file target-v2.cif (mmCIF, C-alpha atoms)
data_entry
loop_
_atom_site.label_atom_id
_atom_site.label_comp_id
_atom_site.auth_asym_id
_atom_site.auth_seq_id
_atom_site.Cartn_x
_atom_site.Cartn_y
_atom_site.Cartn_z
CA MET A 966 128.99 94.80 30.97
CA LYS A 967 128.90 98.58 31.29
CA ILE A 968 126.81 100.83 29.07
CA THR A 969 126.98 104.61 29.24
CA VAL A 970 124.15 106.80 27.97
CA GLY A 971 124.98 110.27 26.66
CA SER A 972 122.33 111.88 28.86
CA THR A 973 121.23 111.97 32.48
CA ASN A 974 117.55 112.24 31.51
CA PRO A 975 115.90 109.41 33.48
CA VAL A 976 113.58 108.56 30.57
CA LYS A 977 116.54 107.99 28.24
CA VAL A 978 118.65 106.11 30.81
CA GLY A 979 115.66 103.93 31.75
CA ALA A 980 114.90 103.15 28.11
CA VAL A 981 118.50 102.11 27.44
CA MET A 982 118.51 99.94 30.55
CA GLU A 983 115.28 98.21 29.55
CA ALA A 984 116.49 97.59 25.99
CA PHE A 985 119.96 96.28 26.91
CA GLN A 986 118.64 94.07 29.72
CA LYS A 987 116.58 92.14 27.17
CA TYR A 988 119.91 90.77 25.87
CA TRP A 989 122.25 91.25 28.83
CA PRO A 990 120.20 91.09 32.07
CA GLU A 991 123.23 91.77 34.28
CA CYS A 992 124.41 94.90 32.44
CA GLU A 993 125.05 98.17 34.24
CA VAL A 994 123.72 101.37 32.69
CA GLU A 995 124.67 104.87 33.74
CA GLY A 996 123.95 108.30 32.38
CA LYS A 997 126.61 110.88 31.61
CA GLU A 998 126.05 114.52 30.73
CA VAL A 999 127.54 115.14 27.29
CA VAL A 1000 127.26 117.74 24.55
CA SER A 1001 125.17 116.71 21.55
CA GLY A 1002 126.91 119.05 19.14
CA VAL A 1003 123.56 119.99 17.58
CA ALA A 1004 120.92 122.62 18.32
CA GLU A 1005 118.82 122.30 21.48
CA GLN A 1006 115.95 121.58 19.09
CA PRO A 1007 117.24 119.60 16.12
CA ARG A 1008 115.17 120.55 13.07
CA SER A 1009 115.89 117.71 10.63
CA GLU A 1010 116.40 113.97 10.49
CA GLU A 1011 120.07 114.45 9.67
CA GLU A 1012 120.67 116.80 12.60
CA THR A 1013 118.77 114.55 15.00
CA LYS A 1014 120.70 111.47 13.88
CA ARG A 1015 124.00 113.37 14.14
CA GLY A 1016 123.11 114.42 17.69
CA ALA A 1017 122.44 110.79 18.67
CA ARG A 1018 125.79 109.70 17.19
CA ASN A 1019 127.69 112.54 18.89
CA ARG A 1020 126.12 111.63 22.24
CA ALA A 1021 126.99 107.94 21.81
CA LEU A 1022 130.61 108.68 20.93
CA ALA A 1023 130.98 111.13 23.83
CA ALA A 1024 129.46 108.60 26.24
CA LEU A 1025 131.54 105.57 25.22
CA GLY A 1026 134.45 106.08 27.63
CA GLN A 1027 135.47 102.92 29.47
CA GLY A 1028 132.24 101.01 28.91
CA GLU A 1029 131.39 98.32 26.37
CA TYR A 1030 128.84 100.53 24.63
CA GLY A 1031 127.99 104.21 24.38
CA VAL A 1032 124.41 105.11 23.58
CA GLY A 1033 123.01 108.37 22.31
CA LEU A 1034 119.35 109.29 22.03
CA GLU A 1035 118.22 112.49 20.36
CA GLY A 1036 114.73 113.81 19.81
CA GLY A 1037 114.06 116.26 17.03
CA VAL A 1038 111.52 117.49 14.55
CA THR A 1039 111.27 117.20 10.79
CA GLU A 1040 109.05 118.81 8.19
CA ILE A 1041 107.18 116.49 5.81
CA ASP A 1042 104.71 117.86 3.27
CA GLY A 1043 104.38 121.14 5.16
CA LYS A 1044 103.65 119.50 8.51
CA MET A 1045 106.00 119.14 11.46
CA PHE A 1046 106.63 115.73 12.99
CA GLU A 1047 108.46 114.62 16.10
CA CYS A 1048 111.24 112.16 15.34
CA ALA A 1049 113.96 110.44 17.35
CA TRP A 1050 117.19 108.58 16.70
CA ALA A 1051 119.29 106.20 18.76
CA CYS A 1052 122.93 105.36 18.12
CA VAL A 1053 124.86 102.58 19.80
CA VAL A 1054 128.66 102.43 19.45
CA ASP A 1055 131.02 99.81 20.78
CA LYS A 1056 134.71 99.94 21.69
CA ARG A 1057 135.71 98.75 18.19
CA GLY A 1058 133.94 101.74 16.61
CA GLU A 1059 131.01 99.71 15.26
CA GLU A 1060 127.81 101.79 15.08
CA GLY A 1061 124.15 100.84 15.01
CA PHE A 1062 121.24 103.21 14.42
CA GLY A 1063 117.51 103.06 15.05
CA GLY A 1064 114.96 105.76 14.45
CA GLY A 1065 111.28 106.45 14.74
CA LEU A 1066 108.74 108.05 17.08
CA TYR A 1067 107.00 109.92 14.26
CA PHE A 1068 103.81 111.78 15.05
CA GLU A 1069 102.42 115.04 13.77
CA LEU A 1070 102.77 117.99 16.09
CA PRO A 1071 99.82 120.36 16.55
CA GLY A 1072 100.02 123.55 14.50
CA LYS A 1073 100.48 125.82 17.52
CA VAL A 1074 103.40 123.69 18.75
CA ALA A 1075 104.98 123.57 15.29
CA GLU A 1076 104.66 127.35 14.95
CA LYS A 1077 106.43 127.94 18.28
CA ILE A 1078 109.25 125.61 17.16
CA ARG A 1079 109.53 127.43 13.83
CA GLU A 1080 109.87 130.65 15.85
CA GLY A 1081 112.91 129.15 17.61
CA GLY A 1082 111.36 127.27 20.50
CA GLU A 1083 112.17 123.80 21.82
CA LEU A 1084 109.51 121.10 22.12
CA GLY A 1085 110.08 120.29 25.81
CA PRO A 1086 109.67 123.83 27.17
CA ILE A 1087 106.80 124.46 24.74
CA MET A 1088 104.97 121.42 26.12
CA ASP A 1089 105.66 122.63 29.66
CA GLU A 1090 104.18 126.02 28.78
CA LEU A 1091 101.09 124.62 27.04
CA THR A 1092 100.33 121.94 29.66
CA GLY A 1093 101.18 123.99 32.74
CA GLU A 1094 103.43 121.14 33.90
CA SER A 1095 107.17 121.10 34.42
CA ASN A 1096 109.73 118.90 32.74
CA VAL A 1097 107.29 116.98 30.51
CA LYS A 1098 110.25 115.66 28.48
CA GLN A 1099 111.60 113.81 31.51
CA LYS A 1100 108.23 112.19 32.06
CA MET A 1101 105.85 110.91 29.36
CA GLY A 1102 106.98 113.48 26.80
CA ALA A 1103 104.89 115.19 24.14
CA ILE A 1104 103.92 111.80 22.74
CA GLY A 1105 102.40 110.82 26.08
CA LYS A 1106 100.55 114.09 26.55
CA LEU A 1107 99.18 114.19 23.01
CA SER A 1108 98.13 110.51 23.04
CA LYS A 1109 96.42 111.00 26.43
CA GLY A 1110 98.82 108.50 28.02
CA GLN A 1111 98.37 105.73 25.46
CA LEU A 1112 101.91 106.17 24.13
CA ASP A 1113 104.95 106.71 26.27
CA ARG A 1114 108.28 108.39 25.49
CA LYS A 1115 110.31 105.79 27.37
CA GLN A 1116 108.71 102.87 25.53
CA ALA A 1117 109.19 104.62 22.19
CA TYR A 1118 112.87 105.06 23.06
CA VAL A 1119 113.14 101.39 24.07
CA GLN A 1120 112.01 100.46 20.55
CA ILE A 1121 114.56 102.63 18.78
CA VAL A 1122 117.40 101.46 21.07
CA LEU A 1123 116.44 97.85 20.31
CA SER A 1124 116.50 98.77 16.61
CA ALA A 1125 119.99 100.25 17.01
CA LEU A 1126 121.13 97.04 18.74
CA ILE A 1127 120.11 94.78 15.85
CA ARG A 1128 123.52 94.86 14.18
CA PHE A 1129 125.17 93.89 17.49
CA VAL A 1130 122.82 91.03 18.38
CA SER A 1131 122.61 89.68 14.82
CA PRO A 1132 126.11 90.36 13.47
CA GLU A 1133 125.88 87.43 11.07
CA TRP A 1134 123.56 89.55 8.88
CA TYR A 1135 125.99 92.45 8.52
CA ASP A 1136 129.29 92.70 6.62
#
call {"tool": "encode", "arguments": {"input": "target-v2.cif", "output": "structure tokens"}}
result
Amino acid sequence: MKITVGSTNPVKVGAVMEAFQKYWPECEVEGKEVVSGVAEQPRSEEETKRGARNRALAALGQGEYGVGLEGGVTEIDGKMFECAWACVVDKRGEEGFGGGLYFELPGKVAEKIREGGELGPIMDELTGESNVKQKMGAIGKLSKGQLDRKQAYVQIVLSALIRFVSPEWYD
């Protein structure tokens, strides 16, 4: 079985591989550079979810499944939170979604995003590291390594797979 991820980010590809191999150990997972169709920094749940769906549809190609992962931010009660969505689509056009990864962003990070910045480069700037988003991500840095971006993505991909692995529960 072939699965294509709408990204070449190793964190996203690795998360999809780990999630799918729980059900299909022999599956092949590859990343493909696609356009999300949303802003570099999605600023709402709806935009983040739409980006995940667009990535999944663009990735589908010849494989059994296309998978899209999109990280974004959302404002809740005047505070900014990181959020993420996963979308899995199959060749029949069936779609499954999973979301999560909520945590409050520090005020100085939120302010830079409100000014037009993107979380990944902002974290690079504030940590003095490069490409934080392709490593442990903001969640890893802010939790001092206790949470991990890849593992958070594994959870939302598994959530998006529920309708495919338990079809008897869905109409």
call {"tool": "residues_near_point", "arguments": {"input": "target-v2.cif", "point": "(119.1, 94.1, 27.9)", "cutoff": "12 Å", "atoms": "all atoms listed in the file", "output": "PyMOL selection string"}}
result
chain A and resi 966-968+979-994+1119+1122-1123+1126+1130
call {"tool": "atom_distance", "arguments": {"input": "target-v2.cif", "atom1": "atom CA of Trp1050 of chain A", "atom2": "atom CA of Val1003 of chain A"}}
result
13.1 Å
call {"tool": "atom_distance", "arguments": {"input": "target-v2.cif", "atom1": "atom CA of Arg1057 of chain A", "atom2": "atom CA of Ser1124 of chain A"}}
result
19.3 Å
call {"tool": "resolve_selection", "arguments": {"input": "target-v2.cif", "expression": "the PyMOL selection byres ((chain A and resi 1128) around 12)", "output": "list in words"}}
result
Cys1052, Val1053, Val1054, Asp1055, Glu1059, Glu1060, Gly1061, Phe1062, Gly1063, Val1122, Leu1123, Ser1124, Ala1125, Leu1126, Ile1127, Phe1129, Val1130, Ser1131, Pro1132, Glu1133, Trp1134, Tyr1135 and Asp1136 of chain A
call {"tool": "write_last_selection", "arguments": {"input": "target-v2.cif", "atoms": "C-alpha atoms", "output": "mmCIF file, in the frame of the given file"}}
result
data_model
loop_
_atom_site.group_PDB
_atom_site.id
_atom_site.type_symbol
_atom_site.label_atom_id
_atom_site.label_comp_id
_atom_site.auth_asym_id
_atom_site.auth_seq_id
_atom_site.Cartn_x
_atom_site.Cartn_y
_atom_site.Cartn_z
ATOM 1 C CA CYS A 1052 122.930 105.360 18.120
ATOM 2 C CA VAL A 1053 124.860 102.580 19.800
ATOM 3 C CA VAL A 1054 128.660 102.430 19.450
ATOM 4 C CA ASP A 1055 131.020 99.810 20.780
ATOM 5 C CA GLU A 1059 131.010 99.710 15.260
ATOM 6 C CA GLU A 1060 127.810 101.790 15.080
ATOM 7 C CA GLY A 1061 124.150 100.840 15.010
ATOM 8 C CA PHE A 1062 121.240 103.210 14.420
ATOM 9 C CA GLY A 1063 117.510 103.060 15.050
ATOM 10 C CA VAL A 1122 117.400 101.460 21.070
ATOM 11 C CA LEU A 1123 116.440 97.850 20.310
ATOM 12 C CA SER A 1124 116.500 98.770 16.610
ATOM 13 C CA ALA A 1125 119.990 100.250 17.010
ATOM 14 C CA LEU A 1126 121.130 97.040 18.740
ATOM 15 C CA ILE A 1127 120.110 94.780 15.850
ATOM 16 C CA PHE A 1129 125.170 93.890 17.490
ATOM 17 C CA VAL A 1130 122.820 91.030 18.380
ATOM 18 C CA SER A 1131 122.610 89.680 14.820
ATOM 19 C CA PRO A 1132 126.110 90.360 13.470
ATOM 20 C CA GLU A 1133 125.880 87.430 11.070
ATOM 21 C CA TRP A 1134 123.560 89.550 8.880
ATOM 22 C CA TYR A 1135 125.990 92.450 8.520
ATOM 23 C CA ASP A 1136 129.290 92.700 6.620
#
call {"tool": "resolve_selection", "arguments": {"input": "target-v2.cif", "expression": "the PyMOL selection byres ((chain A and resi 1047) around 6)", "output": "PyMOL selection string"}}
result
chain A and resi 1037-1038+1046+1048+1067-1068
call {"tool": "resolve_selection", "arguments": {"input": "target-v2.cif", "expression": "the PyMOL selection byres ((chain A and resi 969) around 9)", "output": "ChimeraX atom specification"}}
result
/A:967-968,970-972,978,993-997,1021,1024-1033
call {"tool": "atom_distance", "arguments": {"input": "target-v2.cif", "atom1": "atom CA of Glu1040 of chain A", "atom2": "atom CA of Leu1070 of chain A"}}
result
10.1 Å
call {"tool": "axis_aligned_box", "arguments": {"input": "target-v2.cif", "around": "segment 1091-1110 of chain A", "padding_each_side": "6 Å", "output": "lines of an AutoDock Vina configuration file"}}
result
center_x = 104.0
center_y = 116.6
center_z = 28.6
size_x = 27.2
size_y = 28.1
size_z = 23.7
call {"tool": "residues_around", "arguments": {"input": "target-v2.cif", "residues": "Val1097 of chain A", "least_positions_apart": "6", "cutoff": "7 Å", "atoms": "all atoms listed in the file", "output": "VMD selection string"}}
result
chain A and resid 1085 1088 to 1089
call {"tool": "closest_residue", "arguments": {"input": "target-v2.cif", "among": "A:Gly1081, A:Ala1049, A:Leu1034, A:Gly1058", "to": "Val976 of chain A", "atoms": "only C-alpha atoms"}}
result
A:Leu1034
call {"tool": "closest_residue", "arguments": {"input": "target-v2.cif", "among": "A:Arg1020, A:Lys977, A:Lys1073, A:Arg1008", "to": "Lys1100 of chain A", "atoms": "only C-alpha atoms"}}
result
A:Lys977
call {"tool": "closest_residue", "arguments": {"input": "target-v2.cif", "among": "A:Ala1017, A:Ala1004, A:Ile1121, A:Ala1075", "to": "Ile1087 of chain A", "atoms": "only C-alpha atoms"}}
result
A:Ala1075
call {"tool": "closest_residue", "arguments": {"input": "target-v2.cif", "among": "A:Gln1116, A:Asn1019, A:Thr973, A:Gln1006", "to": "Met1101 of chain A", "atoms": "all atoms listed in the file"}}
result
A:Gln1116
call {"tool": "build_atoms", "arguments": {"input": "target-v2.cif", "residues": "segment 978-1002 of chain A", "atoms": "N, CA and C atoms", "output": "mmCIF file, in the frame of the given file"}}
result
data_model
loop_
_atom_site.group_PDB
_atom_site.id
_atom_site.type_symbol
_atom_site.label_atom_id
_atom_site.label_comp_id
_atom_site.auth_asym_id
_atom_site.auth_seq_id
_atom_site.Cartn_x
_atom_site.Cartn_y
_atom_site.Cartn_z
ATOM 1 N N VAL A 978 117.846 107.126 30.095
ATOM 2 C CA VAL A 978 118.650 106.110 30.810
ATOM 3 C C VAL A 978 117.792 104.869 31.062
ATOM 4 N N GLY A 979 116.564 105.056 31.494
ATOM 5 C CA GLY A 979 115.660 103.930 31.750
ATOM 6 C C GLY A 979 115.352 103.139 30.490
ATOM 7 N N ALA A 980 115.178 103.828 29.372
ATOM 8 C CA ALA A 980 114.900 103.150 28.110
ATOM 9 C C ALA A 980 116.093 102.309 27.675
ATOM 10 N N VAL A 981 117.293 102.853 27.809
ATOM 11 C CA VAL A 981 118.500 102.110 27.440
ATOM 12 C C VAL A 981 118.654 100.889 28.342
ATOM 13 N N MET A 982 118.408 101.064 29.626
ATOM 14 C CA MET A 982 118.510 99.940 30.550
ATOM 15 C C MET A 982 117.524 98.832 30.168
ATOM 16 N N GLU A 983 116.290 99.209 29.907
ATOM 17 C CA GLU A 983 115.280 98.210 29.550
ATOM 18 C C GLU A 983 115.648 97.478 28.265
ATOM 19 N N ALA A 984 116.129 98.211 27.270
ATOM 20 C CA ALA A 984 116.490 97.590 25.990
ATOM 21 C C ALA A 984 117.687 96.643 26.156
ATOM 22 N N PHE A 985 118.755 97.108 26.770
ATOM 23 C CA PHE A 985 119.960 96.280 26.910
ATOM 24 C C PHE A 985 119.715 95.058 27.789
ATOM 25 N N GLN A 986 118.885 95.206 28.817
ATOM 26 C CA GLN A 986 118.640 94.070 29.720
ATOM 27 C C GLN A 986 117.847 92.951 29.054
ATOM 28 N N LYS A 987 117.242 93.213 27.919
ATOM 29 C CA LYS A 987 116.580 92.140 27.170
ATOM 30 C C LYS A 987 117.613 91.145 26.639
ATOM 31 N N TYR A 988 118.829 91.621 26.368
ATOM 32 C CA TYR A 988 119.910 90.770 25.870
ATOM 33 C C TYR A 988 120.947 90.456 26.938
ATOM 34 N N TRP A 989 121.226 91.409 27.802
ATOM 35 C CA TRP A 989 122.250 91.250 28.830
ATOM 36 C C TRP A 989 121.655 91.667 30.181
ATOM 37 N N PRO A 990 120.924 90.757 30.834
ATOM 38 C CA PRO A 990 120.200 91.090 32.070
ATOM 39 C C PRO A 990 121.080 91.652 33.195
ATOM 40 N N GLU A 991 122.348 91.323 33.199
ATOM 41 C CA GLU A 991 123.230 91.770 34.280
ATOM 42 C C GLU A 991 123.974 93.073 33.962
ATOM 43 N N CYS A 992 123.660 93.706 32.841
ATOM 44 C CA CYS A 992 124.410 94.900 32.440
ATOM 45 C C CYS A 992 124.170 96.050 33.414
ATOM 46 N N GLU A 993 125.147 96.948 33.443
ATOM 47 C CA GLU A 993 125.050 98.170 34.240
ATOM 48 C C GLU A 993 124.913 99.345 33.283
ATOM 49 N N VAL A 994 123.954 100.209 33.551
ATOM 50 C CA VAL A 994 123.720 101.370 32.690
ATOM 51 C C VAL A 994 123.812 102.620 33.538
ATOM 52 N N GLU A 995 124.577 103.586 33.045
ATOM 53 C CA GLU A 995 124.670 104.870 33.740
ATOM 54 C C GLU A 995 124.566 105.994 32.747
ATOM 55 N N GLY A 996 124.057 107.122 33.208
ATOM 56 C CA GLY A 996 123.950 108.300 32.380
ATOM 57 C C GLY A 996 125.132 109.225 32.597
ATOM 58 N N LYS A 997 125.500 109.931 31.545
ATOM 59 C CA LYS A 997 126.610 110.880 31.610
ATOM 60 C C LYS A 997 126.193 112.115 30.824
ATOM 61 N N GLU A 998 126.381 113.276 31.422
ATOM 62 C CA GLU A 998 126.050 114.520 30.730
ATOM 63 C C GLU A 998 127.093 114.768 29.659
ATOM 64 N N VAL A 999 126.641 114.878 28.416
ATOM 65 C CA VAL A 999 127.540 115.140 27.290
ATOM 66 C C VAL A 999 126.928 116.224 26.412
ATOM 67 N N VAL A 1000 127.718 116.734 25.496
ATOM 68 C CA VAL A 1000 127.260 117.740 24.550
ATOM 69 C C VAL A 1000 126.841 117.019 23.271
ATOM 70 N N SER A 1001 125.670 117.368 22.759
ATOM 71 C CA SER A 1001 125.170 116.710 21.550
ATOM 72 C C SER A 1001 125.815 117.241 20.276
ATOM 73 N N GLY A 1002 126.307 118.459 20.323
ATOM 74 C CA GLY A 1002 126.910 119.050 19.140
ATOM 75 C C GLY A 1002 125.899 119.513 18.101
#
